[in-house]
Structures are given as structure tokens and as C-alpha cells.
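A.B. asks: Pasting entry23.json here (JSON, C-alpha atoms):
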[["chain", "number", "residue", "atom", "x", "y", "z"],
["A", 732, "GLY", "CA", 0.00, 0.00, 0.00],
["A", 733, "GLY", "CA", 0.83, 3.61, -0.46],
["A", 734, "GLY", "CA", -0.43, 4.73, 2.94],
["A", 735, "GLY", "CA", -4.00, 5.70, 2.07],
["A", 736, "MET", "CA", -3.17, 6.67, -1.48],
["A", 737, "GLY", "CA", -5.23, 4.00, -3.18],
["A", 738, "GLY", "CA", -2.25, 1.70, -3.51],
["A", 739, "PHE", "CA", -0.43, 3.88, -6.07],
["A", 740, "PRO", "CA", 2.54, 6.07, -5.16],
["A", 741, "GLY", "CA", 1.83, 9.71, -6.01],
["A", 742, "GLY", "CA", -1.82, 9.00, -6.76],
["A", 743, "ASN", "CA", -4.92, 10.84, -5.60],
["A", 744, "PRO", "CA", -6.47, 9.58, -2.35],
["A", 745, "GLY", "CA", -9.35, 7.24, -3.03],
["A", 746, "LEU", "CA", -8.90, 7.40, -6.81],
["A", 747, "PRO", "CA", -6.60, 4.50, -7.69],
["A", 748, "GLY", "CA", -6.72, 5.01, -11.47],
["A", 749, "LEU", "CA", -5.56, 8.62, -11.41],
["A", 750, "SER", "CA", -1.93, 8.29, -10.38],
["A", 751, "GLY", "CA", 0.76, 10.03, -12.39],
["A", 752, "GLY", "CA", -0.20, 12.70, -14.87],
["A", 753, "GLY", "CA", -1.44, 10.76, -17.87],
["A", 754, "GLY", "CA", -4.86, 9.63, -16.75],
["A", 755, "ALA", "CA", -6.32, 6.24, -15.84],
["A", 756, "PHE", "CA", -4.79, 4.21, -18.68],
["A", 757, "PHE", "CA", -1.21, 5.46, -18.69],
["A", 758, "PRO", "CA", -0.05, 5.96, -15.09],
["A", 759, "GLY", "CA", 3.43, 7.30, -15.90],
["A", 760, "ALA", "CA", 2.63, 9.29, -19.05],
["A", 761, "PRO", "CA", 2.84, 13.10, -19.12],
["A", 762, "PRO", "CA", -0.49, 14.99, -19.02],
["A", 763, "ARG", "CA", -2.36, 15.24, -22.33],
["A", 764, "GLU", "CA", -2.40, 18.51, -24.21],
["A", 765, "ARG", "CA", -5.75, 20.23, -24.68],
["A", 766, "VAL", "CA", -7.12, 19.80, -28.15],
["A", 767, "ALA", "CA", -9.22, 22.98, -28.29],
["A", 768, "LYS", "CA", -7.02, 26.01, -28.93],
["A", 769, "ARG", "CA", -8.06, 29.19, -27.14],
["A", 770, "ARG", "CA", -7.23, 32.71, -28.09],
["A", 771, "PRO", "CA", -4.93, 34.30, -25.56],
["A", 772, "LEU", "CA", -6.93, 36.48, -23.17],
["A", 773, "ARG", "CA", -6.37, 40.22, -23.41],
["A", 774, "SER", "CA", -4.95, 42.19, -20.54],
["A", 775, "ALA", "CA", -7.20, 44.55, -18.59],
["A", 776, "SER", "CA", -5.32, 47.66, -19.69],
["A", 777, "GLU", "CA", -6.22, 47.01, -23.35],
["A", 778, "ILE", "CA", -9.98, 47.28, -22.71],
["A", 779, "THR", "CA", -11.41, 50.76, -23.26],
["A", 780, "GLN", "CA", -14.58, 52.24, -21.81],
["A", 781, "GLU", "CA", -16.02, 52.42, -25.34],
["A", 782, "GLU", "CA", -15.45, 48.69, -25.85],
["A", 783, "LEU", "CA", -17.17, 47.96, -22.54],
["A", 784, "SER", "CA", -20.17, 50.16, -23.27],
["A", 785, "ALA", "CA", -20.56, 48.57, -26.71],
["A", 786, "CYS", "CA", -21.27, 45.31, -24.84],
["A", 787, "PHE", "CA", -23.80, 46.67, -22.32],
["A", 788, "HIS", "CA", -26.59, 45.00, -24.34],
["A", 789, "LEU", "CA", -25.03, 41.58, -23.58],
["A", 790, "PRO", "CA", -24.98, 39.55, -20.36],
["A", 791, "SER", "CA", -21.58, 39.83, -18.63],
["A", 792, "GLU", "CA", -20.45, 36.31, -19.67],
["A", 793, "ALA", "CA", -21.26, 37.01, -23.35],
["A", 794, "ALA", "CA", -19.48, 40.38, -23.11],
["A", 795, "CYS", "CA", -16.39, 38.58, -21.76],
["A", 796, "ARG", "CA", -16.40, 36.17, -24.70],
["A", 797, "LYS", "CA", -16.82, 39.02, -27.20],
["A", 798, "LEU", "CA", -14.01, 41.05, -25.62],
["A", 799, "GLY", "CA", -11.73, 38.03, -25.12],
["A", 800, "ILE", "CA", -11.36, 38.61, -21.38],
["A", 801, "GLY", "CA", -12.33, 36.81, -18.19],
["A", 802, "LEU", "CA", -15.12, 37.90, -15.87],
["A", 803, "THR", "CA", -12.69, 39.14, -13.21],
["A", 804, "VAL", "CA", -10.94, 41.39, -15.75],
["A", 805, "LEU", "CA", -14.32, 42.71, -16.92],
["A", 806, "LYS", "CA", -15.33, 43.56, -13.36],
["A", 807, "ARG", "CA", -11.96, 45.15, -12.63],
["A", 808, "GLN", "CA", -12.25, 47.39, -15.71],
["A", 809, "CYS", "CA", -15.83, 48.30, -14.81],
["A", 810, "ARG", "CA", -14.70, 49.41, -11.37],
["A", 811, "LYS", "CA", -11.85, 51.39, -12.94],
["A", 812, "PHE", "CA", -14.39, 53.29, -15.09],
["A", 813, "GLY", "CA", -16.83, 53.78, -12.20],
["A", 814, "ILE", "CA", -19.35, 51.14, -13.31],
["A", 815, "LYS", "CA", -20.54, 49.47, -10.10],
["A", 816, "ARG", "CA", -22.80, 46.85, -11.72],
["A", 817, "TRP", "CA", -22.90, 45.40, -15.23],
["A", 818, "PRO", "CA", -25.84, 47.33, -16.80],
["A", 819, "PHE", "CA", -27.28, 44.57, -19.04],
["A", 820, "ARG", "CA", -30.50, 44.11, -17.06],
["A", 821, "LYS", "CA", -31.03, 47.86, -16.74],
["A", 822, "MET", "CA", -30.57, 48.27, -20.51],
["A", 823, "LYS", "CA", -32.95, 45.39, -21.23],
["A", 824, "SER", "CA", -35.50, 46.89, -18.84],
["A", 825, "LEU", "CA", -35.20, 50.26, -20.58],
["A", 826, "ASP", "CA", -35.69, 48.55, -23.97],
["A", 827, "ARG", "CA", -38.84, 46.86, -22.65],
["A", 828, "LEU", "CA", -40.10, 50.22, -21.34],
["A", 829, "ILE", "CA", -39.43, 51.89, -24.71],
["A", 830, "THR", "CA", -41.35, 49.06, -26.45],
["A", 831, "ASN", "CA", -44.32, 49.51, -24.08],
["A", 832, "VAL", "CA", -44.39, 53.27, -24.62],
["A", 833, "GLN", "CA", -44.08, 52.85, -28.42],
["A", 834, "ALA", "CA", -46.95, 50.34, -28.40],
["A", 835, "GLY", "CA", -49.11, 52.88, -26.60],
["A", 836, "ILE", "CA", -49.79, 50.51, -23.72],
["A", 837, "SER", "CA", -51.18, 52.41, -20.74],
["A", 838, "PRO", "CA", -49.30, 52.02, -17.46],
["A", 839, "GLY", "CA", -52.66, 52.22, -15.62],
["A", 840, "ASP", "CA", -55.22, 54.97, -15.03],
["A", 841, "GLN", "CA", -53.68, 56.48, -11.89],
["A", 842, "ASN", "CA", -50.24, 56.74, -13.57],
["A", 843, "ARG", "CA", -51.02, 59.15, -16.41],
["A", 844, "MET", "CA", -48.61, 61.71, -14.93],
["A", 845, "LEU", "CA", -45.68, 59.31, -15.29],
["A", 846, "VAL", "CA", -45.78, 59.07, -19.09],
["A", 847, "LYS", "CA", -42.49, 59.78, -20.85],
["A", 848, "SER", "CA", -41.75, 60.06, -24.54],
["A", 849, "VAL", "CA", -39.80, 57.43, -26.43],
["A", 850, "GLU", "CA", -37.24, 60.15, -27.20],
["A", 851, "GLU", "CA", -36.68, 60.83, -23.48],
["A", 852, "LEU", "CA", -36.19, 57.12, -22.79],
["A", 853, "GLU", "CA", -33.86, 56.63, -25.75],
["A", 854, "GLU", "CA", -31.85, 59.66, -24.62],
["A", 855, "GLN", "CA", -31.51, 58.08, -21.18],
["A", 856, "LYS", "CA", -30.36, 54.84, -22.82],
["A", 857, "ARG", "CA", -27.80, 56.74, -24.92],
["A", 858, "ARG", "CA", -26.43, 58.45, -21.78],
["A", 859, "MET", "CA", -26.10, 55.04, -20.12],
["A", 860, "GLU", "CA", -24.25, 53.63, -23.15],
["A", 861, "GLU", "CA", -21.85, 56.58, -22.97],
["A", 862, "CYS", "CA", -21.37, 55.99, -19.22],
["A", 863, "GLN", "CA", -22.56, 59.53, -18.45],
["A", 864, "VAL", "CA", -25.39, 58.27, -16.24],
["A", 865, "LEU", "CA", -25.41, 54.69, -14.99],
["A", 866, "ASP", "CA", -28.69, 54.70, -13.09],
["A", 867, "LEU", "CA", -32.26, 55.40, -14.16],
["A", 868, "ASP", "CA", -33.86, 58.60, -12.91],
["A", 869, "GLU", "CA", -36.68, 58.36, -10.37],
["A", 870, "SER", "CA", -39.50, 59.14, -12.81],
["A", 871, "THR", "CA", -38.29, 56.37, -15.16],
["A", 872, "LYS", "CA", -38.13, 53.94, -12.25],
["A", 873, "ARG", "CA", -41.70, 54.86, -11.26],
["A", 874, "LEU", "CA", -42.85, 54.41, -14.87],
["A", 875, "GLN", "CA", -41.21, 50.97, -15.01],
["A", 876, "GLN", "CA", -42.90, 50.03, -11.77],
["A", 877, "ALA", "CA", -46.29, 51.20, -13.08],
["A", 878, "TYR", "CA", -45.92, 49.11, -16.26],
["A", 879, "SER", "CA", -44.81, 46.11, -14.24],
["A", 880, "LYS", "CA", -47.79, 46.49, -11.91],
["A", 881, "ALA", "CA", -50.23, 46.90, -14.82],
["A", 882, "ASN", "CA", -48.73, 43.84, -16.54],
["A", 883, "HIS", "CA", -49.04, 41.79, -13.34],
["A", 884, "LYS", "CA", -52.65, 42.90, -12.91],
["A", 885, "ALA", "CA", -53.45, 41.99, -16.54],
["A", 886, "ARG", "CA", -51.94, 38.52, -16.07],
["A", 887, "ARG", "CA", -53.94, 37.99, -12.88],
["A", 888, "MET", "CA", -57.14, 39.02, -14.67],
["A", 889, "ALA", "CA", -56.33, 36.69, -17.59],
["A", 890, "GLN", "CA", -56.08, 33.76, -15.17],
["A", 891, "GLY", "CA", -59.69, 34.32, -14.19],
["A", 892, "PRO", "CA", -61.45, 34.53, -10.83],
["A", 893, "ASP", "CA", -61.44, 30.74, -10.27],
["A", 894, "SER", "CA", -57.67, 30.59, -9.87],
["A", 895, "VAL", "CA", -56.80, 30.31, -6.20],
["A", 896, "GLY", "CA", -53.13, 31.06, -5.76],
["A", 897, "GLY", "CA", -52.46, 30.07, -9.38],
["A", 898, "LEU", "CA", -53.33, 26.41, -8.69],
["A", 899, "SER", "CA", -56.37, 26.12, -10.95],
["A", 900, "GLY", "CA", -54.31, 24.44, -13.70],
["A", 901, "LEU", "CA", -52.96, 21.89, -11.24],
["A", 902, "LEU", "CA", -56.35, 21.11, -9.75],
["A", 903, "ALA", "CA", -57.79, 20.28, -13.18],
["A", 904, "LEU", "CA", -55.29, 17.40, -13.56],
["A", 905, "GLY", "CA", -56.76, 15.31, -10.71]]
Would you give me this structure, written as C-alpha cells?
C.D. replies:
Amino acid sequence: GGGGMGGFPGGNPGLPGLSGGGGAFFPGAPPRERVAKRRPLRSASEITQEELSACFHLPSEAACRKLGIGLTVLKRQCRKFGIKRWPFRKMKSLDRLITNVQAGISPGDQNRMLVKSVEELEEQKRRMEECQVLDLDESTKRLQQAYSKANHKARRMAQGPDSVGGLSGLLALG
């Protein structure tokens, strides 16, 4: 025995076939080379604020792939440029709000004062893309909330009065 090493000198504890570097079938062989070739990752200092903002419409992982950097480098560069959070969700939310306003969907009767023009919303999006403003203003947040509330209410009404806690579909199965 190898003293708790699975019977193989230099092996992993409890994994007798993984001694050496070559894998289960060739105990003394050198480790295998990776077949898939990766592009070398870029250094953080090469990434500009413009490159980052051009990827705001992507989730952070997709932005990393596009820029050829790792997530840690992306976050480090964001901090360097004063971006506290990756703005993908905020941008997507703003796009959804613009779509709702363009479609003429009402955010609810009591929220008529909140209405903004598509131009105002697109200007806010442009300022976010240029990293001038990285948060939505209060009136835009209230408008988003009103649309979300109206949407939720519409979905609840579409379910019908017989749905108790959203279980009506499940109860029909029995």
C-alpha cells in the first residue's frame, strides 16, 4: 500500500486510477495537451470604456467572450471606469419600457402623470451607453414600476377569478 493513497505512489487519495499525470490508462505518461485552442486572453489595460459600453446590451459572460477577457478582468475594468454593476439588465428593462411606450400601452389609469416620450427614454439609454449616467432617474423607475404592476394585474385578470393562488391548472389534472 501507499499509505491511504489508493495503492499507487503519487496518486490521488481514493482514486486509484488517477496516479501520475497521464490519466487512468497510462499511469506514468505526461499529461495530455488540450485539443481545443483558445485565443490568448487580453490584458485589462487594453480594454477601453467604449469597448465595454458597446457590450452593455449583452450579459456579462457574453461580453467577456466578445471582448476576449475573463469575468474578473471585466469587473476590474468596470470598477476602474466607475461602473458598479454590469448594466445589461437595466438596458434590457429600458428597452422593454421603450417598447411599451411605443406600443401605446397604458401604465394604468392612476399613472397618467408618469408618461415619458420614447425620445426621453432613448436619450436616457444613450447616456447610459456613454457611461454619463449609470442609473435610471426616479421618474423612469416609477414608470417601469407602473408598467410592471399593470402587466401583473393583466396577467392575474387573464387567469380568471377561479384561480386560487395560481393552482387552478394543477387542480384540473386530478
A.B. asks: Near Lys856 (chain A), counting all atoms listed in the file, which residues have an atom at most 10 Å away, once you skip same-chain residues fewer than 2 positions from it, shown as a count of residues only?
C.D. replies: 20
A.B. asks: Go through A:Pro818, A:Pro838, A:Glu777, A:Gln855 and flag the residue nearest Lys884 (chain A), using all atoms listed in the file for the distances.
C.D. replies: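 Under the stated criterion, the closest residue is A:Pro838.
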A.B. asks: Hey, can you check how far CA of Ser870 (chain A) sits from CA of Ala834 (chain A)?
C.D. replies: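 Separation of CA of Ser870 (chain A) and CA of Ala834 (chain A): 19.4 Å.
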A.B. asks: Enter the distance from CA of Ser848 (chain A) to CA of Gln833 (chain A), in Å, rounded to one decimal.
C.D. replies: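 Computed distance, CA of Ser848 (chain A) to CA of Gln833 (chain A), equals 8.5 Å.
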A.B. asks: Taking the point (-43.2, 51.5, -21.0) as given in the file, collect each protein or nucleic acid residue that comes within 7 Å of it, counting only C-alpha atoms, and present the set as a ChimeraX atom specification.
C.D. replies: /A:827-832,874-875,878
A.B. asks: Counting only C-alpha atoms, give me one row per residue of region 814-873 of chain A with an atom at most 12 Å from an atom of region 791-799 of chain A, showing the shortest contact pair and its distance in Å to one decimal, sorted by chain then residue number, as CSV.
C.D. replies:
residue,atom,partner,partner_atom,distance
A:Arg816,CA,A:Ser791,CA,9.9
A:Trp817,CA,A:Ser791,CA,6.7
A:Pro818,CA,A:Ser791,CA,8.8
A:Phe819,CA,A:Ser791,CA,7.4
A:Arg820,CA,A:Ser791,CA,10.0
A.B. asks: Between CA of Ser837 (chain A) and CA of Ala877 (chain A), what is the spacing in Å?
C.D. replies: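 CA of Ser837 (chain A) lies 9.2 Å from CA of Ala877 (chain A).
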